[in-house]
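Chemist: Following this line is my_file-v7.tsv, made up of TSV, C-alpha atoms and all ligand atoms:
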chain	number	residue	atom	x	y	z
O	1	MET	CA	-3.96	13.91	4.09
O	2	ASN	CA	-6.23	12.12	1.69
O	3	ASP	CA	-6.95	8.40	1.68
O	4	ILE	CA	-4.33	7.40	-0.92
O	5	LEU	CA	-1.61	9.35	0.86
O	6	SER	CA	-2.68	7.73	4.13
O	7	GLN	CA	-2.19	4.33	2.51
O	8	LEU	CA	1.29	5.35	1.35
O	9	ALA	CA	2.08	6.55	4.86
O	10	ALA	CA	0.89	3.25	6.31
O	11	HIS	CA	3.40	1.38	4.13
O	12	ARG	CA	6.18	3.84	5.12
O	13	LEU	CA	8.16	3.01	1.95
O	14	VAL	CA	7.70	4.01	-1.68
O	15	PRO	CA	9.80	2.01	-4.16
O	16	VAL	CA	10.89	4.27	-7.03
O	17	VAL	CA	10.84	2.14	-10.16
O	18	VAL	CA	12.43	2.74	-13.56
O	19	LEU	CA	11.15	0.25	-16.12
O	20	ASP	CA	12.80	-0.06	-19.51
O	21	ASP	CA	10.23	-2.56	-20.77
O	22	ALA	CA	6.56	-2.58	-19.79
O	23	ARG	CA	6.65	-6.38	-19.96
O	24	ASP	CA	8.73	-6.29	-16.78
O	25	ALA	CA	5.93	-4.51	-14.91
O	26	GLY	CA	3.86	-7.57	-14.02
O	27	PRO	CA	6.78	-9.63	-12.68
O	28	LEU	CA	8.06	-6.60	-10.77
O	29	ALA	CA	4.65	-6.07	-9.21
O	30	GLY	CA	4.69	-9.73	-8.18
O	31	ALA	CA	8.07	-9.23	-6.50
O	32	LEU	CA	6.79	-6.17	-4.62
O	33	VAL	CA	3.71	-7.99	-3.41
O	34	GLY	CA	5.78	-11.06	-2.55
O	35	GLY	CA	8.22	-8.93	-0.60
O	36	GLY	CA	5.40	-7.38	1.41
O	37	LEU	CA	5.32	-3.92	-0.15
O	38	PRO	CA	2.45	-3.56	-2.64
O	39	VAL	CA	3.45	-0.01	-3.62
O	40	ALA	CA	5.22	1.37	-6.69
O	41	GLU	CA	6.13	4.79	-8.03
O	42	VAL	CA	6.78	4.18	-11.73
O	43	THR	CA	8.84	7.04	-13.11
O	44	PHE	CA	8.06	8.78	-16.38
O	45	ARG	CA	11.72	8.60	-17.36
O	46	THR	CA	11.22	5.87	-19.89
O	47	ALA	CA	8.82	5.40	-22.77
O	48	ALA	CA	7.50	2.29	-21.03
O	49	ALA	CA	6.11	4.20	-18.04
O	50	ALA	CA	2.44	4.56	-19.01
O	51	ASP	CA	2.10	0.97	-20.25
O	52	ALA	CA	3.90	-0.26	-17.13
O	53	ILE	CA	1.51	1.66	-14.88
O	54	ARG	CA	-1.44	0.27	-16.79
O	55	ALA	CA	-0.16	-3.28	-16.40
O	56	ILE	CA	0.36	-2.84	-12.66
O	57	ALA	CA	-2.94	-1.02	-12.14
O	58	ASP	CA	-4.81	-3.80	-13.95
O	59	ARG	CA	-3.55	-6.35	-11.39
O	60	GLY	CA	-5.40	-4.44	-8.68
O	61	ASP	CA	-3.07	-5.48	-5.87
O	62	VAL	CA	-0.48	-2.67	-5.94
O	63	LEU	CA	-0.87	1.00	-4.97
O	64	VAL	CA	0.68	2.33	-8.16
O	65	GLY	CA	1.61	5.93	-8.81
O	66	ALA	CA	3.60	7.85	-11.39
O	67	GLY	CA	6.88	9.63	-10.67
O	68	THR	CA	9.00	12.22	-12.45
O	69	ILE	CA	5.84	13.97	-13.65
O	70	VAL	CA	6.95	17.35	-14.99
O	71	THR	CA	4.16	18.39	-17.39
O	72	ALA	CA	0.38	18.60	-17.30
O	73	ALA	CA	0.27	16.27	-20.32
O	74	GLN	CA	2.11	13.61	-18.31
O	75	VAL	CA	-0.46	14.06	-15.53
O	76	ASP	CA	-3.18	13.20	-18.06
O	77	GLN	CA	-1.24	10.18	-19.39
O	78	ALA	CA	-0.46	8.85	-15.93
O	79	VAL	CA	-4.02	9.20	-14.67
O	80	ALA	CA	-5.39	7.60	-17.85
O	81	ALA	CA	-3.01	4.68	-17.29
O	82	GLY	CA	-4.34	4.17	-13.76
O	83	ALA	CA	-1.88	6.05	-11.54
O	84	ARG	CA	-3.45	6.58	-8.09
O	85	TYR	CA	-0.97	9.31	-7.09
O	86	LEU	CA	1.58	11.51	-8.81
O	87	VAL	CA	5.07	12.57	-7.80
O	88	SER	CA	7.11	15.47	-9.19
O	89	PRO	CA	10.78	16.31	-8.64
O	90	GLY	CA	9.87	19.99	-8.14
O	91	THR	CA	6.83	22.15	-7.49
O	92	SER	CA	5.00	23.11	-10.67
O	93	ARG	CA	1.68	24.93	-10.52
O	94	ALA	CA	0.66	23.43	-13.87
O	95	VAL	CA	1.28	19.87	-12.69
O	96	VAL	CA	-0.39	20.37	-9.31
O	97	GLU	CA	-3.46	22.07	-10.75
O	98	ARG	CA	-3.94	19.43	-13.44
O	99	ALA	CA	-3.65	16.69	-10.81
O	100	GLN	CA	-6.24	18.50	-8.70
O	101	GLU	CA	-8.56	18.69	-11.71
O	102	HIS	CA	-8.34	14.89	-11.87
O	103	ASP	CA	-8.75	14.69	-8.08
O	104	VAL	CA	-5.56	12.61	-7.87
O	105	PRO	CA	-3.13	13.33	-5.02
O	106	VAL	CA	0.18	14.85	-6.02
O	107	LEU	CA	3.48	15.09	-4.16
O	108	PRO	CA	5.57	17.92	-5.57
O	109	GLY	CA	9.22	18.20	-4.70
O	110	ALA	CA	10.04	20.88	-2.10
O	111	VAL	CA	13.27	21.34	-0.16
O	112	THR	CA	13.23	25.02	0.81
O	113	ALA	CA	10.87	27.10	2.94
O	114	SER	CA	9.74	28.97	-0.18
O	115	GLU	CA	8.98	25.73	-2.01
O	116	VAL	CA	7.07	24.30	0.94
O	117	GLN	CA	5.13	27.55	1.21
O	118	ALA	CA	4.35	27.40	-2.51
O	119	ALA	CA	3.00	23.86	-2.10
O	120	LEU	CA	0.86	24.98	0.84
O	121	GLY	CA	-0.43	27.83	-1.30
O	122	LEU	CA	-1.58	25.26	-3.85
O	123	GLY	CA	-3.60	23.53	-1.17
O	124	LEU	CA	-1.19	20.66	-0.43
O	125	ASP	CA	0.06	19.38	2.92
O	126	THR	CA	2.45	16.63	1.80
O	127	VAL	CA	5.57	17.11	-0.32
O	128	LYS	CA	8.43	15.04	-1.67
O	129	PHE	CA	11.70	16.18	-0.11
O	130	PHE	CA	13.99	15.64	-3.10
O	131	PRO	CA	16.88	15.13	-3.48
O	132	ALA	CA	16.96	14.40	0.24
O	133	GLY	CA	20.62	13.52	0.71
O	134	THR	CA	22.06	16.59	-0.97
O	135	SER	CA	19.39	18.95	0.39
O	136	GLY	CA	20.36	18.68	4.02
O	137	GLY	CA	18.89	15.28	4.81
O	138	SER	CA	16.89	14.64	7.96
O	139	ALA	CA	18.29	17.73	9.71
O	140	ALA	CA	16.87	19.98	7.00
O	141	ILE	CA	13.47	18.28	7.20
O	142	ALA	CA	13.39	18.69	10.98
O	143	ALA	CA	14.24	22.38	10.59
O	144	LEU	CA	11.50	22.90	7.98
O	145	ALA	CA	8.96	21.09	10.16
O	146	ALA	CA	9.32	23.78	12.85
O	147	PRO	CA	7.56	26.57	10.95
O	148	PHE	CA	5.45	24.22	8.82
O	149	GLY	CA	3.86	22.13	11.54
O	150	GLY	CA	1.14	20.50	9.45
O	151	VAL	CA	3.36	19.52	6.53
O	152	ARG	CA	4.36	15.89	5.91
O	153	PHE	CA	7.49	15.03	3.95
O	154	VAL	CA	8.42	12.07	1.76
O	155	PRO	CA	12.23	12.19	1.58
O	156	THR	CA	13.62	10.56	-1.54
O	157	GLY	CA	17.01	10.62	-3.24
O	158	GLY	CA	20.04	9.18	-1.52
O	159	VAL	CA	18.01	7.21	1.01
O	160	GLY	CA	18.86	3.59	1.75
O	161	PRO	CA	19.21	1.01	4.51
O	162	GLY	CA	22.12	2.97	6.04
O	163	ASN	CA	20.15	6.14	6.75
O	164	LEU	CA	16.50	5.08	6.68
O	165	ASP	CA	16.33	5.32	10.47
O	166	GLU	CA	17.16	9.05	10.49
O	167	TYR	CA	14.20	9.81	8.24
O	168	LEU	CA	11.63	7.42	9.66
O	169	ALA	CA	12.37	8.74	13.15
O	170	LEU	CA	10.89	12.11	12.25
O	171	PRO	CA	7.15	12.40	13.01
O	172	CYS	CA	6.72	14.73	10.02
O	173	VAL	CA	7.98	12.05	7.60
O	174	ALA	CA	4.98	10.31	6.04
O	175	ALA	CA	7.01	7.76	4.09
O	176	VAL	CA	10.43	7.40	2.50
O	177	GLY	CA	11.01	6.83	-1.20
O	178	GLY	CA	13.91	5.24	-2.99
O	179	SER	CA	15.17	2.98	-5.72
O	180	TRP	CA	17.46	0.85	-3.57
O	181	MET	CA	14.80	-1.87	-3.23
O	182	VAL	CA	14.17	-2.11	-6.96
O	183	PRO	CA	17.51	-1.70	-8.79
O	184	ARG	CA	16.91	-0.99	-12.45
O	185	ASP	CA	19.48	-3.54	-13.63
O	186	ARG	CA	18.02	-6.35	-11.53
O	187	VAL	CA	14.55	-5.68	-12.90
O	188	ARG	CA	15.91	-5.52	-16.45
O	189	ASP	CA	17.85	-8.77	-15.93
O	190	GLY	CA	14.80	-10.54	-14.54
O	191	ASP	CA	16.30	-11.06	-11.08
O	192	LEU	CA	12.91	-10.86	-9.41
O	193	ALA	CA	13.96	-13.12	-6.55
O	194	GLY	CA	16.71	-10.60	-5.76
O	195	VAL	CA	14.28	-7.71	-5.92
O	196	ARG	CA	11.80	-9.53	-3.72
O	197	SER	CA	14.53	-10.15	-1.17
O	198	LEU	CA	15.62	-6.47	-1.16
O	199	VAL	CA	12.00	-5.42	-0.75
O	200	ALA	CA	11.46	-7.85	2.12
O	201	ASP	CA	14.64	-6.57	3.82
O	202	ALA	CA	13.44	-2.97	3.47
O	203	VAL	CA	10.02	-3.84	4.89
O	204	ALA	CA	11.63	-5.65	7.84
O	205	LEU	CA	13.89	-2.68	8.54
O	206	ALA	CA	11.05	-0.16	8.33
O	207	THR	CA	8.94	-2.36	10.62
O	208	ARG	CA	11.76	-2.48	13.19
O	209	LEU	CA	12.06	1.31	13.01
O	210	ARG	CA	8.33	1.88	13.47
O	211	PRO	CA	7.84	4.30	16.38
O	301	LIG	C1	13.57	9.70	-7.45
O	301	LIG	O1	13.20	9.92	-8.59
O	301	LIG	O2	12.80	9.81	-6.50
O	301	LIG	C2	15.00	9.37	-7.21
O	301	LIG	O3	15.68	9.16	-8.39
O	301	LIG	C3	15.19	8.21	-6.31
O	301	LIG	O4	16.42	8.43	-5.73
O	301	LIG	P1	17.38	7.24	-5.33
O	301	LIG	O5	17.68	6.50	-6.62
O	301	LIG	O6	18.59	7.88	-4.73
O	301	LIG	O7	16.65	6.36	-4.37
Take the structure in the file and write it out as structure tokens.
Ligand code: 3PG

Modeler:
Amino acid sequence: MNDILSQLAAHRLVPVVVLDDARDAGPLAGALVGGGLPVAEVTFRTAAAADAIRAIADRGDVLVGAGTIVTAAQVDQAVAAGARYLVSPGTSRAVVERAQEHDVPVLPGAVTASEVQAALGLGLDTVKFFPAGTSGGSAAIAALAAPFGGVRFVPTGGVGPGNLDEYLALPCVAAVGGSWMVPRDRVRDGDLAGVRSLVADAVALATRLRP
């Protein structure tokens, strides 16, 4: 695992952020840092994504990455904006190879043995297990870890305080991603104190669950 992915793994949690307005990025970053989790995966689902990443990257105190990266052009935009890592919902050779050209770590989505094998074939050892809840959850990850001993998973999608323990208990889980700590409506409404509190709760829970 490279250095950036090791830092993600050390935090154990990856907040998945959807920002409608790049002006919310700075205050959100402040809430993440204040809550004890200086990590953000800003998804390319809104037009604000690149500017939001740039604003967070410029602060220098948050490990910011880009999510929902589905094209090589988005890889270029995200890296230019300052994304330190990239996350894809699925495994795309074009996305992975462009990320590798930039020497930026990429987590492609993989939930089947064939998809994990494809990621391995592209030289990767860490994948996003997405959507985790509807793809068999922690039991499916444990089953995949048997043949793929060196692979680390970042389950995301349907994860929250009620099932975080199942995922973090697995040694092959590098970190867990999710939006529950950073609800889109709270960010949009400027409820940064609420976000900070959710983030702090998530950090406390993950710390309690640390093996
Ligand atoms: C993602 O892009 O990783 C997911 O939308 C996050 O899933 P969640 O909202 O269920 O946490």

Chemist: Of the candidates O:Leu5, O:Ile56, O:Ala132, O:Leu122, which shows the shortest atom-to-atom distance to ligand LIG 301 (chain O), using only C-alpha atoms and all ligand atoms?

Modeler: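 Using only C-alpha atoms and all ligand atoms, the shortest distance to ligand LIG 301 (chain O) belongs to O:Ala132.
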
Chemist: Please identify the residues whose atoms come within 6 Å of ligand LIG 301 (chain O), using only C-alpha atoms and all ligand atoms, and report them as a VMD selection string.

Modeler: chain O and resid 16 156 to 159 178 to 180

Chemist: Hey, which of O:Val17, O:Val70, O:Ala81, O:Val173 ends up closest to O:Leu32? Count all atoms listed in the file.

Modeler: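 The shortest atom-to-atom distance to O:Leu32 comes from O:Val17.
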
Chemist: Have a look at O:Ala193, O:Ala9, O:Ala31, O:Val106 and name the one nearest to O:Arg152; count all atoms listed in the file.

Modeler: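 When distances to O:Arg152 are compared using all atoms listed in the file, the smallest one comes from O:Ala9.
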
Chemist: Name the residues in contact with O:Ala119 at a cut-off of 9 Å, using all atoms listed in the file, excluding same-chain residues fewer than 5 positions from it; report them as a ChimeraX atom specification.

Modeler: /O:91-93,96,108-110,114,124-127

Chemist: Just to be explicit: take each residue in the selection above, keep C-alpha atoms, and write the result as a PDB file, keeping the file's coordinate frame.

Modeler:
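What follows is the written file out_27.pdb:
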ATOM      1  CA  THR O  91       6.830  22.150  -7.490  1.00  0.00           C
ATOM      2  CA  SER O  92       5.000  23.110 -10.670  1.00  0.00           C
ATOM      3  CA  ARG O  93       1.680  24.930 -10.520  1.00  0.00           C
ATOM      4  CA  VAL O  96      -0.390  20.370  -9.310  1.00  0.00           C
ATOM      5  CA  PRO O 108       5.570  17.920  -5.570  1.00  0.00           C
ATOM      6  CA  GLY O 109       9.220  18.200  -4.700  1.00  0.00           C
ATOM      7  CA  ALA O 110      10.040  20.880  -2.100  1.00  0.00           C
ATOM      8  CA  SER O 114       9.740  28.970  -0.180  1.00  0.00           C
ATOM      9  CA  LEU O 124      -1.190  20.660  -0.430  1.00  0.00           C
ATOM     10  CA  ASP O 125       0.060  19.380   2.920  1.00  0.00           C
ATOM     11  CA  THR O 126       2.450  16.630   1.800  1.00  0.00           C
ATOM     12  CA  VAL O 127       5.570  17.110  -0.320  1.00  0.00           C
TER      13      VAL O 127
END

Chemist: What's around O:Ala83 at 9 Å? Count only C-alpha atoms, leave out sequence neighbours fewer than 5 positions away in its own chain, and write the answer as a list of chain:residue names.

Modeler: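 The neighbour list is O:Glu41, O:Val42, O:Ala50, O:Ile53, O:Arg54, O:Ala57, O:Leu63, O:Val64, O:Gly65, O:Ala66, O:Gln77, O:Ala78, O:Val104.
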
Chemist: Distance atom CA of O:Val199-atom CA of O:Arg184, one decimal place?

Modeler: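 Here the two named atoms are 13.4 Å from each other.
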
Chemist: Enter the distance from atom CA of O:Arg84 to atom CA of O:Ala40, in Å, rounded to one decimal.

Modeler: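 According to the coordinates, atom CA of O:Arg84 and atom CA of O:Ala40 are separated by 10.2 Å.
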
Chemist: In Å, rounded to a single decimal, give me how far atom CA of O:Phe44 is from atom CA of O:Ile69.

Modeler: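 Calculated distance between atom CA of O:Ile69 and atom CA of O:Phe44 is 6.3 Å.
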
Chemist: Between O:Ala142, O:Ala94, O:Ala22, O:Val87, which has the minimum distance to O:Leu168 (counting all atoms listed in the file)?

Modeler: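 Comparing O:Ala142, O:Ala94, O:Ala22, O:Val87 against O:Leu168, the winner is O:Ala142.
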
Chemist: With all atoms of stretch 70-84 of chain O from the file as input, state the centre and edge lengths in Å to one decimal of the axis-aligned box that has 5 Å extra on each side, as AutoDock Vina command-line options.

Modeler:
--center_x 0.8 --center_y 11.4 --center_z -14.2 --size_x 22.3 --size_y 24.4 --size_z 22.2

Chemist: Residues near O:Ser138, anyone? I mean within 12 Å using all atoms listed in the file, not counting same-chain ones fewer than 2 positions away, as a VMD selection string.

Modeler: chain O and resid 111 129 to 136 140 to 145 153 to 159 163 to 173 176

Chemist: Using all atoms listed in the file, determine which residues lie at most 12 Å from O:Gly34, disregarding the query and same-chain residues fewer than 2 positions distant; provide the list as a count of residues only.

Modeler: 23

Chemist: Using only C-alpha atoms, which of the listed residues (O:His102, O:Ala25, O:His11, O:Lys128) sits closest to O:Arg210?

Modeler: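 Closest candidate: O:His11.
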
Chemist: Which residue out of O:Ala174, O:Arg208, O:Arg188, O:Val116 has the minimum interatomic distance to O:Ala10 when all atoms listed in the file are used?

Modeler: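 That would be O:Ala174, the residue with the smallest distance to O:Ala10.
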
Chemist: So which residues touch O:Arg98 within 9 Å, counting all atoms listed in the file, skipping near sequence neighbours fewer than 5 positions away, as a list in words?

Modeler: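 Once the adjacent positions are removed, what remains is Ala72, Ala73, Val75, Asp76, Arg93, Asp103 and Val104 of chain O.
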
Chemist: Using the structure block above, produce a file of stretch 74-88 of chain O that contains all heavy atoms, as a PDB file, in the first residue's frame.

Modeler:
ATOM      1  N   GLN O  74     -11.844  13.150 -15.891  1.00  0.00           N
ATOM      2  CA  GLN O  74     -12.080  13.525 -14.488  1.00  0.00           C
ATOM      3  C   GLN O  74     -10.842  13.268 -13.632  1.00  0.00           C
ATOM      4  O   GLN O  74     -10.592  13.993 -12.669  1.00  0.00           O
ATOM      5  CB  GLN O  74     -13.284  12.763 -13.932  1.00  0.00           C
ATOM      6  CG  GLN O  74     -14.602  13.267 -14.490  1.00  0.00           C
ATOM      7  CD  GLN O  74     -15.779  12.406 -14.034  1.00  0.00           C
ATOM      8  OE1 GLN O  74     -15.638  11.202 -13.768  1.00  0.00           O
ATOM      9  NE2 GLN O  74     -16.946  13.017 -13.949  1.00  0.00           N
ATOM     10  N   VAL O  75     -10.083  12.219 -13.979  1.00  0.00           N
ATOM     11  CA  VAL O  75      -8.815  11.980 -13.270  1.00  0.00           C
ATOM     12  C   VAL O  75      -7.942  13.226 -13.402  1.00  0.00           C
ATOM     13  O   VAL O  75      -7.406  13.750 -12.420  1.00  0.00           O
ATOM     14  CB  VAL O  75      -8.084  10.743 -13.828  1.00  0.00           C
ATOM     15  CG1 VAL O  75      -6.686  10.629 -13.222  1.00  0.00           C
ATOM     16  CG2 VAL O  75      -8.886   9.473 -13.576  1.00  0.00           C
ATOM     17  N   ASP O  76      -7.801  13.713 -14.638  1.00  0.00           N
ATOM     18  CA  ASP O  76      -6.963  14.899 -14.884  1.00  0.00           C
ATOM     19  C   ASP O  76      -7.473  16.104 -14.079  1.00  0.00           C
ATOM     20  O   ASP O  76      -6.692  16.819 -13.453  1.00  0.00           O
ATOM     21  CB  ASP O  76      -6.971  15.260 -16.373  1.00  0.00           C
ATOM     22  CG  ASP O  76      -6.320  14.192 -17.237  1.00  0.00           C
ATOM     23  OD1 ASP O  76      -5.554  13.377 -16.697  1.00  0.00           O
ATOM     24  OD2 ASP O  76      -6.590  14.183 -18.455  1.00  0.00           O
ATOM     25  N   GLN O  77      -8.801  16.325 -14.117  1.00  0.00           N
ATOM     26  CA  GLN O  77      -9.369  17.483 -13.402  1.00  0.00           C
ATOM     27  C   GLN O  77      -9.137  17.371 -11.903  1.00  0.00           C
ATOM     28  O   GLN O  77      -8.788  18.346 -11.230  1.00  0.00           O
ATOM     29  CB  GLN O  77     -10.883  17.561 -13.647  1.00  0.00           C
ATOM     30  CG  GLN O  77     -11.285  17.974 -15.044  1.00  0.00           C
ATOM     31  CD  GLN O  77     -12.771  17.689 -15.288  1.00  0.00           C
ATOM     32  OE1 GLN O  77     -13.583  17.764 -14.371  1.00  0.00           O
ATOM     33  NE2 GLN O  77     -13.106  17.346 -16.506  1.00  0.00           N
ATOM     34  N   ALA O  78      -9.359  16.168 -11.376  1.00  0.00           N
ATOM     35  CA  ALA O  78      -9.229  15.969  -9.932  1.00  0.00           C
ATOM     36  C   ALA O  78      -7.787  16.163  -9.472  1.00  0.00           C
ATOM     37  O   ALA O  78      -7.527  16.816  -8.465  1.00  0.00           O
ATOM     38  CB  ALA O  78      -9.727  14.572  -9.553  1.00  0.00           C
ATOM     39  N   VAL O  79      -6.865  15.604 -10.238  1.00  0.00           N
ATOM     40  CA  VAL O  79      -5.447  15.728  -9.868  1.00  0.00           C
ATOM     41  C   VAL O  79      -5.007  17.192  -9.985  1.00  0.00           C
ATOM     42  O   VAL O  79      -4.310  17.720  -9.113  1.00  0.00           O
ATOM     43  CB  VAL O  79      -4.579  14.798 -10.741  1.00  0.00           C
ATOM     44  CG1 VAL O  79      -3.099  15.064 -10.508  1.00  0.00           C
ATOM     45  CG2 VAL O  79      -4.914  13.334 -10.448  1.00  0.00           C
ATOM     46  N   ALA O  80      -5.465  17.867 -11.038  1.00  0.00           N
ATOM     47  CA  ALA O  80      -5.110  19.282 -11.198  1.00  0.00           C
ATOM     48  C   ALA O  80      -5.653  20.112 -10.038  1.00  0.00           C
ATOM     49  O   ALA O  80      -5.045  21.118  -9.637  1.00  0.00           O
ATOM     50  CB  ALA O  80      -5.657  19.807 -12.530  1.00  0.00           C
ATOM     51  N   ALA O  81      -6.790  19.705  -9.498  1.00  0.00           N
ATOM     52  CA  ALA O  81      -7.395  20.447  -8.390  1.00  0.00           C
ATOM     53  C   ALA O  81      -6.704  20.159  -7.058  1.00  0.00           C
ATOM     54  O   ALA O  81      -6.930  20.861  -6.071  1.00  0.00           O
ATOM     55  CB  ALA O  81      -8.885  20.119  -8.294  1.00  0.00           C
ATOM     56  N   GLY O  82      -5.899  19.095  -7.030  1.00  0.00           N
ATOM     57  CA  GLY O  82      -5.172  18.799  -5.785  1.00  0.00           C
ATOM     58  C   GLY O  82      -5.592  17.522  -5.086  1.00  0.00           C
ATOM     59  O   GLY O  82      -5.194  17.296  -3.934  1.00  0.00           O
ATOM     60  N   ALA O  83      -6.386  16.683  -5.763  1.00  0.00           N
ATOM     61  CA  ALA O  83      -6.805  15.423  -5.133  1.00  0.00           C
ATOM     62  C   ALA O  83      -5.576  14.530  -4.906  1.00  0.00           C
ATOM     63  O   ALA O  83      -4.766  14.349  -5.807  1.00  0.00           O
ATOM     64  CB  ALA O  83      -7.811  14.697  -6.020  1.00  0.00           C
ATOM     65  N   ARG O  84      -5.472  13.984  -3.698  1.00  0.00           N
ATOM     66  CA  ARG O  84      -4.310  13.138  -3.347  1.00  0.00           C
ATOM     67  C   ARG O  84      -4.592  11.671  -3.628  1.00  0.00           C
ATOM     68  O   ARG O  84      -3.682  10.862  -3.633  1.00  0.00           O
ATOM     69  CB  ARG O  84      -3.993  13.310  -1.853  1.00  0.00           C
ATOM     70  CG  ARG O  84      -3.912  14.765  -1.389  1.00  0.00           C
ATOM     71  CD  ARG O  84      -2.568  15.401  -1.689  1.00  0.00           C
ATOM     72  NE  ARG O  84      -1.452  14.643  -1.152  1.00  0.00           N
ATOM     73  CZ  ARG O  84      -1.064  14.673   0.131  1.00  0.00           C
ATOM     74  NH1 ARG O  84      -1.730  15.419   1.005  1.00  0.00           N
ATOM     75  NH2 ARG O  84      -0.020  13.973   0.525  1.00  0.00           N
ATOM     76  N   TYR O  85      -5.872  11.319  -3.801  1.00  0.00           N
ATOM     77  CA  TYR O  85      -6.250   9.949  -4.143  1.00  0.00           C
ATOM     78  C   TYR O  85      -7.570  10.027  -4.899  1.00  0.00           C
ATOM     79  O   TYR O  85      -8.288  11.036  -4.833  1.00  0.00           O
ATOM     80  CB  TYR O  85      -6.371   9.050  -2.897  1.00  0.00           C
ATOM     81  CG  TYR O  85      -7.368   9.541  -1.893  1.00  0.00           C
ATOM     82  CD1 TYR O  85      -8.688   9.091  -1.890  1.00  0.00           C
ATOM     83  CD2 TYR O  85      -7.008  10.506  -0.951  1.00  0.00           C
ATOM     84  CE1 TYR O  85      -9.619   9.564  -0.979  1.00  0.00           C
ATOM     85  CE2 TYR O  85      -7.933  10.990  -0.041  1.00  0.00           C
ATOM     86  CZ  TYR O  85      -9.224  10.517  -0.055  1.00  0.00           C
ATOM     87  OH  TYR O  85     -10.143  11.009   0.835  1.00  0.00           O
ATOM     88  N   LEU O  86      -7.865   8.945  -5.615  1.00  0.00           N
ATOM     89  CA  LEU O  86      -9.052   8.909  -6.461  1.00  0.00           C
ATOM     90  C   LEU O  86      -9.853   7.664  -6.142  1.00  0.00           C
ATOM     91  O   LEU O  86      -9.273   6.609  -5.837  1.00  0.00           O
ATOM     92  CB  LEU O  86      -8.636   8.887  -7.938  1.00  0.00           C
ATOM     93  CG  LEU O  86      -7.688  10.021  -8.356  1.00  0.00           C
ATOM     94  CD1 LEU O  86      -7.074   9.736  -9.715  1.00  0.00           C
ATOM     95  CD2 LEU O  86      -8.441  11.339  -8.385  1.00  0.00           C
ATOM     96  N   VAL O  87     -11.171   7.788  -6.230  1.00  0.00           N
ATOM     97  CA  VAL O  87     -12.051   6.664  -5.932  1.00  0.00           C
ATOM     98  C   VAL O  87     -13.061   6.539  -7.063  1.00  0.00           C
ATOM     99  O   VAL O  87     -13.611   7.541  -7.527  1.00  0.00           O
ATOM    100  CB  VAL O  87     -12.792   6.873  -4.591  1.00  0.00           C
ATOM    101  CG1 VAL O  87     -13.602   5.635  -4.235  1.00  0.00           C
ATOM    102  CG2 VAL O  87     -11.814   7.211  -3.465  1.00  0.00           C
ATOM    103  N   SER O  88     -13.279   5.292  -7.508  1.00  0.00           N
ATOM    104  CA  SER O  88     -14.227   5.027  -8.589  1.00  0.00           C
ATOM    105  C   SER O  88     -15.296   4.070  -8.094  1.00  0.00           C
ATOM    106  O   SER O  88     -14.990   3.179  -7.308  1.00  0.00           O
ATOM    107  CB  SER O  88     -13.535   4.297  -9.745  1.00  0.00           C
ATOM    108  OG  SER O  88     -12.969   5.179 -10.644  1.00  0.00           O
TER     109      SER O  88
END
